[in-house]
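Q: Take this structure first; my questions come after.
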Amino acid sequence: MSERRQLMNLAYRLLGSLSDAEDVVQETYARWYTMSRRQQDAIDSPGAWLTKVAGRICLNLLTSARARRETYVGEWIPEPLPDPAEWSGGQSDGLTVDPADRVTLDESVNMAFLVVLESMTPAERVAFVLHDVFRYPFAEVAEIVGRSPAACRQLASSARRRIRTARTPTTPPSRQARVVRTFKQAWEARDIDALIALLDPAVTATGDGGGLVSTVRHPIRGAGHIVRSLTLLENRFRAMTFLERTVNGQPGLIALQDGRVVSVLAFEVANDRIKHIWAIRNPDKLRRWAAQP
């Protein structure tokens with residue numbers, strides 16, 4: 001059971017969904033416990049065995065996810081994660097989740113990084129995450145992906161090129177937080193000029209309502225278009241309270257309505273301007289978010 005947290009961290013990065021990651025870990029352990037004691041004792045490294053099984057399950061899910069997301073209503077954005085100290089169990093009794101289920105927040109789970117991972121093929125994503133993030137040798141990656149070590153090396157190299165192409169200049173967290181705070185203040189003051197000044201001219205805003213709540217179905221591009229869209233939605237936003245929170249390890253915002261989290265906003269900041277906004281409103285992806293930190 002000491003491997004549980006490692007498996008959760010791996011599965012979330014591979015799938016971009018905490019719910020799916022939990023299912024993968026549960027299925028992995030189910031396969032372990034269906035073996036006889038003699039079969040378990042014959043495995044030299046239970047941790048390596050569990051990782052191999054979890055990786056293969058994730059690879060299968062990633063392959064099938066492409067077909068499922070073709071019918072997904074609107075854009076699909078990875079499930080956002082709060083700061084580990086602020087997790088909610090998503091249960092009416094207020095119980096928090098097992099600490100082993102809390103994903104470690106680092107640069108490999110920030111929203112921009114996860115979105116790039118979504119653009120990769122399943123094999124690229126698995127090879128890259130296992131090797132570059134979790135430092136598994138290509139010989140072990142090959143056993144999971146079902147390809148030769150040389151082929152896995154090429155997959156990881158292709159994935160790195162995608163990462164380099166999408167990468168923006170690193171902005172210190174304190175400056176990111178200042179930009180996000182200023183965005184919140186400008187919106188609350190309805191200061192259109194200040195909002196436009198904060199947005200990169202080529203900024204993109206993407207929403208994910210999962211078809212269960214009203215949301216913008218396609219990304220909005222351009223500072224002017226985004227500000228106009230925000231203005232059109234002003235009546236809906238008027239009933240909401242925005243709070244600063246950590247989203248996937250970086251400064252972000254949550255929107256509250258009637259004391260309930262109804263939206264999580266993640267940002268990509270470059271050169272002190274907002275380059276991308278992700279608004280997650282799908283209720284299934286907000287179960288871990290509590291109104292009070």
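Following the order of the structure tokens, first chain is A, next is B, and so on, with residues numbered from 1 inside each chain and ligands from 1 in the order they appear.
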Just list as a ChimeraX atom specification whatever in segment 109-292 of chain A DSSP marks as helix (DSSP H, G or I).
A: /A:109,111-118,122-133,138-145,149-166,173-188,192-198,223-232,234-238,283-285
Q: With a distance cut-off of 10 Å and only C-alpha atoms, select the neighbouring residues of Asp258 of chain A, excluding the residue or stretch itself and same-chain residues fewer than 6 positions from it, and output the selection as a ChimeraX atom specification.
A: /A:239-241,291
Q: With only C-alpha atoms as the counted atoms, please give the residues lying no more than 10 Å from Asp20 of chain A, apart from itself and same-chain residues fewer than 5 positions off, as a PyMOL selection string.
A: chain A and resi 8+11-12+14-15+25-26+58+61+79
Q: Name the closest residue to Gly252 of chain A among the candidates A:His218, A:His276, A:Arg190, A:Arg37; distances are taken between atoms, counting only C-alpha atoms.
A: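 Residue with the minimum atom-to-atom distance to Gly252 of chain A: A:His276.
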Q: So what do you get for atom CA of Ser174 of chain A versus atom CA of Pro251 of chain A, distance-wise?
A: 8.6 Å
Q: Which of these residues is nearest to Arg161 of chain A, using only C-alpha atoms: A:Leu195, A:Ala202, A:Glu140, A:Val116?
A: A:Val116
Q: Taking the DSSP assignment computed from this structure's backbone, write out as a list in words all residues of segment 109-221 of chain A that belong to strand (DSSP E or B).
A: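 Matching residues for strand (DSSP E or B) in segment 109-221 of chain A are Leu199, Asp200, Pro201, Ala202, Val203, Thr204, Ala205, Thr206, Gly207, Asp208, Ile220 and Arg221 of chain A.
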Q: Give me the residues near segment 122-131 of chain A as a tab-separated table (two decimals) with N, CA, C and O atoms, in the first residue's frame, where near means some atom within 7 Å (using only C-alpha atoms) and where sequence neighbours in that chain fewer than 5 positions away do not count.
A:
```tsv
chain	number	residue	atom	x	y	z
A	14	LEU	N	-0.89	10.96	-16.31
A	14	LEU	CA	-1.15	10.28	-17.58
A	14	LEU	C	-2.54	10.56	-18.11
A	14	LEU	O	-2.74	10.63	-19.33
A	59	LEU	N	-2.70	3.50	-20.47
A	59	LEU	CA	-2.52	3.52	-21.92
A	59	LEU	C	-3.80	3.10	-22.63
A	59	LEU	O	-4.22	3.72	-23.62
A	62	LEU	N	-6.32	5.97	-22.27
A	62	LEU	CA	-6.00	7.10	-23.15
A	62	LEU	C	-6.42	6.80	-24.58
A	62	LEU	O	-6.89	7.68	-25.30
A	63	THR	N	-6.24	5.56	-24.99
A	63	THR	CA	-6.62	5.18	-26.35
A	63	THR	C	-8.13	5.28	-26.54
A	63	THR	O	-8.62	5.79	-27.55
A	117	LEU	N	0.11	17.82	-22.82
A	117	LEU	CA	0.08	16.36	-22.78
A	117	LEU	C	-1.14	15.82	-23.51
A	117	LEU	O	-1.10	14.77	-24.15
A	136	TYR	N	11.75	6.64	-15.23
A	136	TYR	CA	11.84	5.21	-15.50
A	136	TYR	C	12.72	5.01	-16.73
A	136	TYR	O	12.60	5.73	-17.71
A	137	PRO	N	13.63	4.02	-16.70
A	137	PRO	CA	14.47	3.75	-17.89
A	137	PRO	C	13.62	3.26	-19.05
A	137	PRO	O	12.56	2.66	-18.86
A	138	PHE	N	14.12	3.50	-20.25
A	138	PHE	CA	13.34	3.14	-21.44
A	138	PHE	C	13.09	1.64	-21.53
A	138	PHE	O	12.09	1.22	-22.13
A	141	VAL	N	9.97	1.30	-19.62
A	141	VAL	CA	8.89	1.97	-20.35
A	141	VAL	C	8.42	1.09	-21.51
A	141	VAL	O	7.23	0.97	-21.79
A	145	VAL	N	4.60	0.13	-22.64
A	145	VAL	CA	4.04	0.64	-23.89
A	145	VAL	C	3.90	-0.46	-24.94
A	145	VAL	O	3.08	-0.36	-25.86
A	152	CYS	N	10.47	3.80	-27.87
A	152	CYS	CA	10.02	4.63	-26.74
A	152	CYS	C	10.88	5.88	-26.60
A	152	CYS	O	10.38	6.95	-26.25
A	155	LEU	N	9.50	8.23	-29.08
A	155	LEU	CA	8.23	8.78	-28.62
A	155	LEU	C	8.45	9.91	-27.63
A	155	LEU	O	7.81	10.97	-27.71
A	156	ALA	N	9.36	9.69	-26.68
A	156	ALA	CA	9.65	10.71	-25.68
A	156	ALA	C	10.27	11.95	-26.33
A	156	ALA	O	9.98	13.08	-25.94
A	159	ALA	N	7.57	13.94	-27.92
A	159	ALA	CA	6.80	14.63	-26.88
A	159	ALA	C	7.54	15.87	-26.39
A	159	ALA	O	6.93	16.92	-26.16
```
Q: Restrict the calculation to only C-alpha atoms, then for each residue of segment 175-248 of chain A with any atom at most 10 Å from an atom of segment 262-270 of chain A give the closest atom pair and their distance in Å to one decimal, rows by chain and rising residue number, as JSON lines.
A:
```
{"residue": "A:Arg175", "atom": "CA", "partner": "A:Val269", "partner_atom": "CA", "distance": 8.8}
{"residue": "A:Gln176", "atom": "CA", "partner": "A:Val269", "partner_atom": "CA", "distance": 6.2}
{"residue": "A:Ala177", "atom": "CA", "partner": "A:Val269", "partner_atom": "CA", "distance": 9.5}
{"residue": "A:Val179", "atom": "CA", "partner": "A:Val269", "partner_atom": "CA", "distance": 7.8}
{"residue": "A:Val180", "atom": "CA", "partner": "A:Phe267", "partner_atom": "CA", "distance": 7.7}
{"residue": "A:Leu198", "atom": "CA", "partner": "A:Val269", "partner_atom": "CA", "distance": 9.7}
{"residue": "A:Leu199", "atom": "CA", "partner": "A:Val269", "partner_atom": "CA", "distance": 9.1}
{"residue": "A:Asp200", "atom": "CA", "partner": "A:Ala270", "partner_atom": "CA", "distance": 8.4}
{"residue": "A:Val203", "atom": "CA", "partner": "A:Glu268", "partner_atom": "CA", "distance": 9.5}
{"residue": "A:Thr204", "atom": "CA", "partner": "A:Glu268", "partner_atom": "CA", "distance": 9.8}
{"residue": "A:Ala205", "atom": "CA", "partner": "A:Phe267", "partner_atom": "CA", "distance": 9.3}
{"residue": "A:Thr206", "atom": "CA", "partner": "A:Leu265", "partner_atom": "CA", "distance": 9.8}
{"residue": "A:Gly207", "atom": "CA", "partner": "A:Leu265", "partner_atom": "CA", "distance": 9.1}
{"residue": "A:Asp208", "atom": "CA", "partner": "A:Ser263", "partner_atom": "CA", "distance": 9.5}
{"residue": "A:Gly209", "atom": "CA", "partner": "A:Ser263", "partner_atom": "CA", "distance": 9.1}
{"residue": "A:Val213", "atom": "CA", "partner": "A:Val262", "partner_atom": "CA", "distance": 9.7}
{"residue": "A:Met240", "atom": "CA", "partner": "A:Val262", "partner_atom": "CA", "distance": 8.7}
{"residue": "A:Phe242", "atom": "CA", "partner": "A:Ser263", "partner_atom": "CA", "distance": 9.3}
{"residue": "A:Leu243", "atom": "CA", "partner": "A:Val264", "partner_atom": "CA", "distance": 9.8}
{"residue": "A:Glu244", "atom": "CA", "partner": "A:Leu265", "partner_atom": "CA", "distance": 9.6}
{"residue": "A:Arg245", "atom": "CA", "partner": "A:Val264", "partner_atom": "CA", "distance": 9.0}
{"residue": "A:Thr246", "atom": "CA", "partner": "A:Ala266", "partner_atom": "CA", "distance": 8.7}
{"residue": "A:Val247", "atom": "CA", "partner": "A:Ala266", "partner_atom": "CA", "distance": 6.1}
{"residue": "A:Asn248", "atom": "CA", "partner": "A:Ala266", "partner_atom": "CA", "distance": 8.0}
```
Q: Grab the atom CA of Leu7 of chain A to atom CA of Leu81 of chain A distance for me, in Å with one decimal place.
A: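 Distance between the two atoms: 16.5 Å.
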Q: What is the atom CA of Leu230 of chain A-atom CA of Arg273 of chain A distance in Å, reported with one decimal?
A: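 Here the two named atoms are 17.4 Å from each other.
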Q: Which residue, A:Thr171, A:Gly55, A:Asp83, A:Ile192, has the smallest gap to Arg228 of chain A when you use only C-alpha atoms?
A: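 Smallest distance to Arg228 of chain A is found for A:Ile192.
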Q: Would you please work out which residue, of A:Lys285, A:Glu188, A:Glu22, A:Ala197, is nearest to Arg238 of chain A when using only C-alpha atoms?
A: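 Under the stated criterion, the closest residue is A:Glu188.
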Q: Considering only C-alpha atoms, state which residue in the set A:Leu256, A:Leu18, A:Ala54, A:Leu10 is at the smallest distance from Trp32 of chain A.
A: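 When distances to Trp32 of chain A are compared using only C-alpha atoms, the smallest one comes from A:Ala54.
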